[in-house]
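**Student:** File my_file.txt below, compact mmCIF, C-alpha atoms:
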```txt
# COMPACT_ATOMS: atom_id res chain seq x y z
CA MET A 917 96.15 112.47 112.15
CA ALA A 918 95.35 108.79 112.03
CA GLU A 919 93.34 106.11 113.72
CA ASN A 920 95.32 104.69 116.66
CA LYS A 921 94.61 100.99 116.53
CA LEU A 922 97.88 99.12 116.47
CA PHE A 923 100.92 100.35 118.41
CA PHE A 924 104.53 99.90 117.40
CA GLU A 925 105.50 98.35 120.75
CA ASP A 926 102.87 95.63 120.34
CA VAL A 927 104.10 94.39 116.96
CA SER A 928 106.74 91.76 116.24
CA GLU A 929 108.22 90.59 112.97
CA GLY A 930 106.22 87.60 111.80
CA ASP A 931 102.91 88.84 113.26
CA GLU A 932 99.90 88.37 111.02
CA SER A 933 96.76 90.45 110.59
CA PRO A 934 93.36 88.85 111.06
CA GLU A 935 92.23 87.26 107.77
CA LEU A 936 89.49 88.94 105.78
CA SER A 937 87.59 86.35 103.79
CA LEU A 938 84.84 86.87 101.22
CA GLU A 939 82.98 84.63 98.80
CA VAL A 940 82.93 86.80 95.69
CA THR A 941 79.61 87.22 93.89
CA ARG A 942 78.64 89.17 90.77
CA THR A 943 76.94 91.64 93.13
CA HIS A 944 80.29 92.46 94.79
CA ILE A 945 81.80 93.08 91.35
CA VAL A 946 78.91 95.29 90.19
CA LYS A 947 78.98 97.32 93.42
CA TYR A 948 82.70 97.92 92.99
CA ALA A 949 82.20 98.84 89.31
CA GLY A 950 79.69 101.51 90.35
CA ALA A 951 81.85 102.87 93.15
CA GLY A 952 85.15 102.71 91.28
CA GLY A 953 84.03 103.69 87.79
CA ASP A 954 85.46 100.74 85.86
CA PHE A 955 82.75 99.77 83.38
CA ASN A 956 84.80 97.44 81.23
CA PRO A 957 82.10 94.89 80.18
CA ILE A 958 84.52 92.05 80.88
CA HIS A 959 83.73 92.63 84.58
CA HIS A 960 79.92 92.89 84.51
CA ASP A 961 78.48 91.65 81.20
CA GLU A 962 78.26 87.85 81.27
CA SER A 963 77.26 87.52 77.60
CA PHE A 964 80.17 89.75 76.54
CA ALA A 965 82.61 87.74 78.67
CA THR A 966 81.43 84.33 77.41
CA ALA A 967 81.37 85.57 73.79
CA ILE A 968 85.11 86.28 73.99
CA GLY A 969 85.78 82.83 75.42
CA LEU A 970 85.91 83.49 79.16
CA PRO A 971 84.07 81.19 81.59
CA SER A 972 82.27 84.22 83.12
CA VAL A 973 82.88 87.78 84.22
CA PHE A 974 85.78 88.26 86.66
CA ALA A 975 86.60 90.85 89.31
CA MET A 976 88.74 93.94 88.72
CA GLY A 977 92.17 93.44 90.27
CA LEU A 978 91.65 96.58 92.32
CA MET A 979 88.48 95.13 93.83
CA GLN A 980 90.40 92.38 95.64
CA GLY A 981 93.12 95.02 96.04
CA GLY A 982 90.55 97.16 97.87
CA TYR A 983 89.54 94.27 100.13
CA LEU A 984 93.22 93.66 100.87
CA ALA A 985 93.67 97.36 101.76
CA ARG A 986 90.62 97.03 104.03
CA ALA A 987 92.15 94.00 105.78
CA LEU A 988 95.23 96.16 106.36
CA THR A 989 93.40 99.27 107.64
CA ASP A 990 91.10 97.12 109.82
CA TRP A 991 94.32 96.03 111.53
CA VAL A 992 96.64 99.08 111.47
CA GLY A 993 94.03 101.87 111.41
CA VAL A 994 93.05 104.46 108.81
CA GLY A 995 95.64 107.07 107.82
CA ASN A 996 98.81 105.15 108.67
CA ILE A 997 99.72 103.55 105.34
CA LYS A 998 102.67 105.11 103.49
CA LEU A 999 102.90 102.68 100.59
CA PHE A 1000 100.62 99.95 99.24
CA LYS A 1001 101.98 98.02 96.28
CA ILE A 1002 100.32 94.96 94.76
CA ARG A 1003 100.95 92.53 91.90
CA PHE A 1004 97.99 90.74 90.34
CA THR A 1005 98.88 87.07 89.93
CA GLY A 1006 95.52 85.54 89.04
CA GLN A 1007 91.97 86.48 88.14
CA VAL A 1008 89.19 86.17 90.71
CA TRP A 1009 86.00 84.51 89.47
CA PRO A 1010 82.52 84.63 91.04
CA GLY A 1011 82.14 81.74 93.47
CA GLU A 1012 85.75 81.88 94.63
CA THR A 1013 86.50 82.82 98.21
CA ILE A 1014 89.28 85.35 98.65
CA ILE A 1015 91.37 85.42 101.79
CA CYS A 1016 93.26 88.69 102.40
CA LYS A 1017 96.00 89.14 104.97
CA ALA A 1018 99.17 90.98 105.93
CA ARG A 1019 102.28 89.76 107.74
CA VAL A 1020 104.96 91.91 109.35
CA ALA A 1021 108.23 91.33 107.50
CA ARG A 1022 110.27 94.08 109.12
CA LYS A 1023 110.03 96.53 112.00
CA TYR A 1024 112.26 99.62 111.81
CA GLU A 1025 112.64 103.39 112.23
CA GLU A 1026 113.01 105.75 109.30
CA SER A 1027 112.51 109.50 108.75
CA GLY A 1028 111.62 109.88 112.42
CA GLU A 1029 108.78 107.37 112.14
CA ARG A 1030 108.22 103.90 113.60
CA ARG A 1031 107.42 101.76 110.60
CA ILE A 1032 106.57 98.22 109.67
CA GLU A 1033 106.91 96.64 106.27
CA CYS A 1034 104.22 94.06 105.56
CA GLU A 1035 103.99 91.27 103.04
CA LEU A 1036 100.48 91.19 101.62
CA SER A 1037 98.60 88.34 100.04
CA VAL A 1038 95.25 87.39 98.58
CA VAL A 1039 94.69 83.69 97.97
CA ASN A 1040 91.57 81.69 97.14
CA GLN A 1041 90.01 78.85 99.13
CA ILE A 1042 92.47 76.30 97.75
CA GLY A 1043 95.53 78.50 98.23
CA ASP A 1044 95.97 79.79 94.66
CA ASN A 1045 97.67 83.17 94.78
CA LYS A 1046 95.70 86.15 93.44
CA ILE A 1047 97.74 89.10 94.76
CA SER A 1048 101.21 89.47 96.24
CA GLY A 1049 102.17 92.80 97.67
CA THR A 1050 104.02 95.00 100.08
CA ALA A 1051 102.92 97.79 102.38
CA VAL A 1052 104.80 100.27 104.51
CA VAL A 1053 102.90 101.52 107.57
CA ALA A 1054 103.86 104.18 110.15
CA LEU A 1055 102.61 103.23 113.59
CA PRO A 1056 101.90 105.30 116.71
CA VAL A 1057 103.72 104.53 119.95
CA ARG A 1058 102.08 104.06 123.33
CA GLY A 1059 104.59 106.60 124.62
CA MET B 1067 103.67 96.94 70.24
CA VAL B 1068 104.93 100.09 71.87
CA ASN B 1069 108.58 101.09 72.36
CA GLU B 1070 110.57 103.28 74.77
CA SER B 1071 109.63 106.45 72.87
CA ILE B 1072 106.42 106.59 74.93
CA VAL B 1073 108.32 107.37 78.15
CA GLY B 1074 107.50 110.92 79.19
CA MET B 1075 104.22 111.02 77.29
CA GLU B 1076 101.71 113.10 79.29
CA PHE B 1077 97.94 113.35 79.18
CA PRO B 1078 95.85 116.47 79.81
CA PRO B 1079 95.39 117.05 83.58
CA PHE B 1080 91.90 116.91 85.06
CA GLU B 1081 90.13 117.71 88.33
CA PHE B 1082 88.88 115.13 90.81
CA LEU B 1083 86.49 116.47 93.46
CA VAL B 1084 86.55 114.18 96.50
CA GLU B 1085 82.90 113.85 97.52
CA ARG B 1086 81.77 112.55 100.91
CA GLY B 1087 78.98 110.47 99.34
CA LYS B 1088 81.42 108.80 96.96
CA ILE B 1089 83.77 107.94 99.83
CA LYS B 1090 80.88 106.27 101.65
CA GLU B 1091 79.83 104.44 98.49
CA PHE B 1092 83.40 103.26 97.86
CA ALA B 1093 83.83 102.03 101.46
CA ARG B 1094 80.46 100.24 101.32
CA ALA B 1095 81.37 98.59 98.00
CA LEU B 1096 84.29 96.99 99.83
CA GLY B 1097 82.15 96.02 102.81
CA ASP B 1098 84.15 98.45 104.96
CA LYS B 1099 82.09 99.21 108.05
CA ASN B 1100 84.58 101.59 109.68
CA PRO B 1101 82.29 104.48 110.84
CA VAL B 1102 85.05 107.00 110.07
CA TYR B 1103 83.93 106.86 106.40
CA GLU B 1104 80.30 107.70 107.25
CA ASP B 1105 80.42 109.95 110.31
CA GLU B 1106 82.19 113.24 109.69
CA GLU B 1107 81.98 114.34 113.34
CA LEU B 1108 83.61 111.09 114.45
CA ALA B 1109 86.39 111.64 111.86
CA LYS B 1110 86.97 115.16 113.18
CA SER B 1111 86.98 113.95 116.79
CA MET B 1112 89.79 111.58 115.78
CA GLY B 1113 91.84 114.50 114.44
CA PHE B 1114 91.02 114.15 110.76
CA ARG B 1115 90.30 117.38 108.86
CA SER B 1116 87.18 115.76 107.36
CA THR B 1117 86.06 112.32 106.15
CA PRO B 1118 89.26 110.51 105.07
CA ALA B 1119 89.48 108.63 101.76
CA PRO B 1120 90.05 104.83 101.93
CA PRO B 1121 93.52 103.67 100.74
CA THR B 1122 92.62 102.71 97.17
CA TYR B 1123 90.01 105.47 96.72
CA THR B 1124 91.98 107.25 93.98
CA ALA B 1125 91.28 104.22 91.77
CA SER B 1126 87.88 105.89 91.31
CA PHE B 1127 89.57 108.67 89.30
CA LEU B 1128 87.77 106.93 86.44
CA HIS B 1129 84.62 108.81 87.49
CA HIS B 1130 86.42 112.09 86.88
CA VAL B 1131 88.27 111.57 83.61
CA PRO B 1132 87.43 114.20 80.99
CA ASP B 1133 86.08 111.57 78.62
CA GLU B 1134 84.44 108.25 79.48
CA ASN B 1135 86.87 106.43 77.20
CA PHE B 1136 89.94 108.13 78.71
CA LEU B 1137 91.72 104.89 79.63
CA LEU B 1138 90.99 103.26 76.29
CA ASN B 1139 91.99 106.41 74.40
CA MET B 1140 95.11 106.74 76.53
CA MET B 1141 96.14 103.19 75.68
CA GLN B 1142 95.39 103.80 72.02
CA GLU B 1143 97.41 107.01 72.08
CA MET B 1144 100.33 105.14 73.63
CA GLY B 1145 99.89 102.39 71.06
CA ILE B 1146 99.32 99.61 73.62
CA SER B 1147 97.17 96.81 72.28
CA VAL B 1148 94.18 96.43 74.59
CA ALA B 1149 93.63 92.87 73.37
CA THR B 1150 97.10 91.61 74.34
CA SER B 1151 97.79 93.61 77.48
CA VAL B 1152 96.89 93.22 81.14
CA HIS B 1153 97.01 95.39 84.25
CA GLY B 1154 99.79 93.64 86.17
CA GLU B 1155 100.51 95.81 89.20
CA SER B 1156 99.25 98.83 91.11
CA GLY B 1157 101.13 100.97 93.59
CA PHE B 1158 99.86 103.72 95.89
CA GLU B 1159 102.31 106.06 97.59
CA TYR B 1160 100.70 108.25 100.25
CA LEU B 1161 102.42 111.59 100.84
CA ALA B 1162 99.59 113.40 102.67
CA PRO B 1163 96.00 112.44 103.51
CA ILE B 1164 93.05 113.01 101.17
CA PHE B 1165 89.73 114.24 102.59
CA ALA B 1166 86.17 114.87 101.46
CA GLY B 1167 85.99 118.33 99.93
CA ASP B 1168 89.47 118.21 98.44
CA VAL B 1169 89.86 119.17 94.81
CA LEU B 1170 92.64 117.09 93.32
CA THR B 1171 94.43 117.77 90.07
CA VAL B 1172 95.36 114.50 88.41
CA ARG B 1173 98.32 114.30 86.06
CA VAL B 1174 98.93 111.07 84.17
CA LYS B 1175 102.16 110.25 82.39
CA VAL B 1176 104.20 107.33 81.11
CA LYS B 1177 106.97 106.84 83.65
CA ASP B 1178 108.89 103.78 82.53
CA PHE B 1179 109.22 101.19 79.80
CA TYR B 1180 111.23 98.01 79.43
CA GLN B 1181 111.11 94.91 77.28
CA LYS B 1182 111.85 91.28 78.07
CA GLU B 1183 111.68 87.97 76.25
CA GLY B 1184 108.59 86.09 77.42
CA LYS B 1185 108.99 82.60 78.89
CA ARG B 1186 106.90 81.15 76.09
CA GLY B 1187 108.66 83.16 73.38
CA GLY B 1188 107.75 86.55 71.98
CA LYS B 1189 108.52 89.90 73.48
CA MET B 1190 106.83 91.40 76.52
CA ASN B 1191 106.59 95.11 77.21
CA PHE B 1192 106.32 96.50 80.72
CA ILE B 1193 104.82 99.99 80.78
CA THR B 1194 104.49 102.02 83.99
CA VAL B 1195 101.93 104.80 84.03
CA GLU B 1196 102.09 107.25 86.93
CA SER B 1197 99.24 109.42 88.20
CA THR B 1198 100.01 112.24 90.61
CA TYR B 1199 97.35 113.88 92.76
CA THR B 1200 97.83 117.48 93.92
CA ASN B 1201 95.26 119.09 96.23
CA GLN B 1202 93.77 122.61 96.26
CA GLU B 1203 96.66 123.82 98.44
CA GLY B 1204 99.15 122.75 95.77
CA GLU B 1205 100.33 119.87 97.96
CA LEU B 1206 101.31 116.62 96.24
CA VAL B 1207 99.25 114.09 98.21
CA GLU B 1208 99.58 110.83 96.32
CA LYS B 1209 101.48 109.07 93.55
CA ASP B 1210 99.91 105.99 92.00
CA ARG B 1211 101.51 103.66 89.50
CA MET B 1212 99.92 101.12 87.20
CA LEU B 1213 101.99 98.54 85.36
CA PHE B 1214 100.63 97.30 82.05
CA ILE B 1215 102.12 94.17 80.52
CA GLU B 1216 101.80 93.88 76.77
CA ARG B 1217 102.51 90.59 75.01
CA GLU B 1218 103.55 90.22 71.41
CA SER B 1219 100.50 88.88 69.60
CA ALA B 1220 100.62 85.23 68.55
CA ALA B 1221 100.20 86.21 64.87
```
Transcribe the structure of this file into structure tokens.
**Tutor:**
Amino acid sequence: MAENKLFFEDVSEGDESPELSLEVTRTHIVKYAGAGGDFNPIHHDESFATAIGLPSVFAMGLMQGGYLARALTDWVGVGNIKLFKIRFTGQVWPGETIICKARVARKYEESGERRIECELSVVNQIGDNKISGTAVVALPVRG
Amino acid sequence: MVNESIVGMEFPPFEFLVERGKIKEFARALGDKNPVYEDEELAKSMGFRSTPAPPTYTASFLHHVPDENFLLNMMQEMGISVATSVHGESGFEYLAPIFAGDVLTVRVKVKDFYQKEGKRGGKMNFITVESTYTNQEGELVEKDRMLFIERESAA
């Protein structure tokens, strides 16, 4: 029960997903706040954010985390991810461009499934790291 | 600052109804144009029981907490200082798929605690909070973990 998009036979260690890139605006942040339910004013209220000494509002870590998950499902298909684990290494500010991608670190079989382990990353337009992560994906076979 | 006595602390469970409209809204908020999130018939034709939830969809549990200030209250109850702590990591472990129409029971508890000396001096606490999601069939479908990092205040 999953979207068949990427097949185990077609993947090699070192392969990279297409990059998903987005110039983050306050509108993206507000849309994600509404959908995700995180109404911490630090993410949507500019006067609150500047009053506590921040340059502006900044995105929720799980917003860029969500874009990263989308980059992964766009590539491997919906319903195939077993594990998605991310570490937030830097805040994302409006005006920054985030670049999300996955890279196959390992290809193996476990528990009767054909799996890949991916290294995940989100960086900005000048290469500053925003998220490092790992995913485990079970892939279909062409048979 | 908190200490290891918080490990095992549990919070009252609550229900999370997975709504089709909220799945669509969540996917759209991430610019996800995969039609599987909007077209139930298409999802079914692909073998899904109903509209599937996107991978990080359970992060929207915040819409279903019993009290709007649940997260803040939870941190206060644990004794974590909101001013000196950050959300450092998130993990999602998928055990079975989640679909529109599912009624999930969410149980949140403190899973792990450890302390380290910070690079710039002062102690740092690492607190892992685990949320488990069980569907209406009693099947454990997902385990999420959030790591909070609390720094000793400069005072």
**Student:** Could you please select, counting all atoms listed in the file, the residues of chain A within 10 Å of chain B and state them as a ChimeraX atom specification?
**Tutor:** /A:917-920,938,943-956,976-990,993-1006,1047-1052
**Student:** Pick the closest to B:Val1169 from B:Leu1083, B:Val1195, B:Val1207, B:Met1140: which is it, counting only C-alpha atoms?
**Tutor:**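 Of B:Leu1083, B:Val1195, B:Val1207, B:Met1140, the one nearest B:Val1169, counting only C-alpha atoms, is B:Leu1083.
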**Student:** Hey, what's within 9 Å of B:Phe1080 if we count only C-alpha atoms and toss same-chain stuff fewer than 3 positions away? As a list in words, please?
**Tutor:** His1130, Val1131, Pro1132, Leu1170, Thr1171, Val1172 and Arg1173 of chain B
**Student:** Counting only C-alpha atoms, which of A:Lys921, A:Lys1046, A:Arg942, A:His960 gets nearest to A:Cys1016?
**Tutor:** A:Lys1046
**Student:** What separation in Å, quoted to one decimal, exists between atom CA of B:Glu1104 and atom CA of A:Thr941?
**Tutor:**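 Computing the Euclidean distance for atom CA of B:Glu1104 and atom CA of A:Thr941 yields 24.5 Å.
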**Student:** Rounded to one decimal in Å, what is the spacing between atom CA of B:Thr1117 and atom CA of B:Ser1197?
**Tutor:**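 Atom CA of B:Ser1197 lies 22.5 Å from atom CA of B:Thr1117.
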**Student:** Kindly indicate which residue among A:Gly969, A:Pro1056, A:Gly1043, A:Gly1011 lies nearest to A:Glu939, using all atoms listed in the file for the distances.
**Tutor:** A:Gly1011
**Student:** Pick the closest to A:Val1038 from A:Leu936, A:Val1057, A:Ile958, A:Val1020: which is it, counting only C-alpha atoms?
**Tutor:**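 Nearest to A:Val1038: A:Leu936.
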**Student:** I'd like to know which of A:Gln1007, A:Gln1041, A:Pro934, A:Gly1059 is closest to A:Leu970, using only C-alpha atoms.
**Tutor:** A:Gln1007
**Student:** What is the atom CA of B:Glu1076 to atom CA of B:Glu1218 distance in Å?
**Tutor:** 24.3 Å
**Student:** With distances taken over only C-alpha atoms, which of B:Phe1179, B:Asn1139, B:Ala1149, B:Gly1204 is nearest to A:Ile968?
**Tutor:**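 For A:Ile968, the nearest of the given residues is B:Ala1149.
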**Student:** Can you tell me which residues surround A:Ile1042 at a distance of at most 10 Å, considering only C-alpha atoms, apart from same-chain residues fewer than 2 positions away, and format the answer as a PyMOL selection string?
**Tutor:** chain A and resi 1012-1014+1039-1040+1044-1045
**Student:** Taking the partial coordinates given, rebuild stretch 1074-1104 of chain B to contain N, CA and C atoms; return it as a short mmCIF file (atom, residue, chain, number, x, y, z; two decimals), keeping the file's coordinate frame.
**Tutor:**
```
data_model
loop_
_atom_site.label_atom_id
_atom_site.label_comp_id
_atom_site.auth_asym_id
_atom_site.auth_seq_id
_atom_site.Cartn_x
_atom_site.Cartn_y
_atom_site.Cartn_z
N GLY B 1074 107.61 109.47 79.11
CA GLY B 1074 107.50 110.92 79.19
C GLY B 1074 106.20 111.46 78.61
N MET B 1075 105.49 110.59 77.87
CA MET B 1075 104.22 111.02 77.29
C MET B 1075 103.26 111.44 78.41
N GLU B 1076 102.62 112.61 78.26
CA GLU B 1076 101.71 113.10 79.29
C GLU B 1076 100.31 113.28 78.71
N PHE B 1077 99.33 113.19 79.59
CA PHE B 1077 97.94 113.35 79.18
C PHE B 1077 97.37 114.60 79.84
N PRO B 1078 96.34 115.21 79.24
CA PRO B 1078 95.85 116.47 79.81
C PRO B 1078 95.38 116.29 81.25
N PRO B 1079 95.80 117.18 82.18
CA PRO B 1079 95.39 117.05 83.58
C PRO B 1079 93.88 117.27 83.73
N PHE B 1080 93.34 116.70 84.79
CA PHE B 1080 91.90 116.91 85.06
C PHE B 1080 91.67 117.00 86.56
N GLU B 1081 90.48 117.53 86.92
CA GLU B 1081 90.13 117.71 88.33
C GLU B 1081 89.31 116.56 88.86
N PHE B 1082 89.55 116.24 90.12
CA PHE B 1082 88.88 115.13 90.81
C PHE B 1082 88.39 115.70 92.14
N LEU B 1083 87.07 115.97 92.21
CA LEU B 1083 86.49 116.47 93.46
C LEU B 1083 86.19 115.28 94.36
N VAL B 1084 86.74 115.29 95.55
CA VAL B 1084 86.55 114.18 96.50
C VAL B 1084 85.25 114.44 97.26
N GLU B 1085 84.23 113.63 96.93
CA GLU B 1085 82.90 113.85 97.52
C GLU B 1085 82.66 112.87 98.67
N ARG B 1086 82.03 113.38 99.74
CA ARG B 1086 81.77 112.55 100.91
C ARG B 1086 80.91 111.33 100.55
N GLY B 1087 79.87 111.57 99.73
CA GLY B 1087 78.98 110.47 99.34
C GLY B 1087 79.70 109.38 98.56
N LYS B 1088 80.67 109.79 97.74
CA LYS B 1088 81.42 108.80 96.96
C LYS B 1088 82.39 108.01 97.84
N ILE B 1089 82.90 108.66 98.88
CA ILE B 1089 83.77 107.94 99.83
C ILE B 1089 82.96 106.84 100.52
N LYS B 1090 81.76 107.22 100.97
CA LYS B 1090 80.88 106.27 101.65
C LYS B 1090 80.52 105.11 100.71
N GLU B 1091 80.19 105.46 99.47
CA GLU B 1091 79.83 104.44 98.49
C GLU B 1091 81.01 103.50 98.24
N PHE B 1092 82.21 104.06 98.13
CA PHE B 1092 83.40 103.26 97.86
C PHE B 1092 83.68 102.32 99.03
N ALA B 1093 83.60 102.86 100.26
CA ALA B 1093 83.83 102.03 101.46
C ALA B 1093 82.79 100.91 101.53
N ARG B 1094 81.53 101.25 101.26
CA ARG B 1094 80.46 100.24 101.32
C ARG B 1094 80.65 99.16 100.26
N ALA B 1095 81.15 99.56 99.08
CA ALA B 1095 81.37 98.59 98.00
C ALA B 1095 82.42 97.57 98.40
N LEU B 1096 83.27 97.93 99.36
CA LEU B 1096 84.29 96.99 99.83
C LEU B 1096 83.91 96.41 101.19
N GLY B 1097 82.64 96.60 101.55
CA GLY B 1097 82.15 96.02 102.81
C GLY B 1097 82.81 96.64 104.03
N ASP B 1098 83.40 97.84 103.86
CA ASP B 1098 84.15 98.45 104.96
C ASP B 1098 83.20 99.17 105.90
N LYS B 1099 83.06 98.66 107.10
CA LYS B 1099 82.09 99.21 108.05
C LYS B 1099 82.71 100.20 109.03
N ASN B 1100 83.95 100.61 108.79
CA ASN B 1100 84.58 101.59 109.68
C ASN B 1100 83.74 102.88 109.66
N PRO B 1101 83.18 103.30 110.82
CA PRO B 1101 82.29 104.48 110.84
C PRO B 1101 82.99 105.78 110.45
N VAL B 1102 84.32 105.78 110.43
CA VAL B 1102 85.05 107.00 110.07
C VAL B 1102 84.72 107.45 108.65
N TYR B 1103 84.28 106.51 107.79
CA TYR B 1103 83.93 106.86 106.40
C TYR B 1103 82.50 107.40 106.27
N GLU B 1104 81.70 107.28 107.34
CA GLU B 1104 80.30 107.70 107.25
C GLU B 1104 79.97 108.83 108.20
#
```
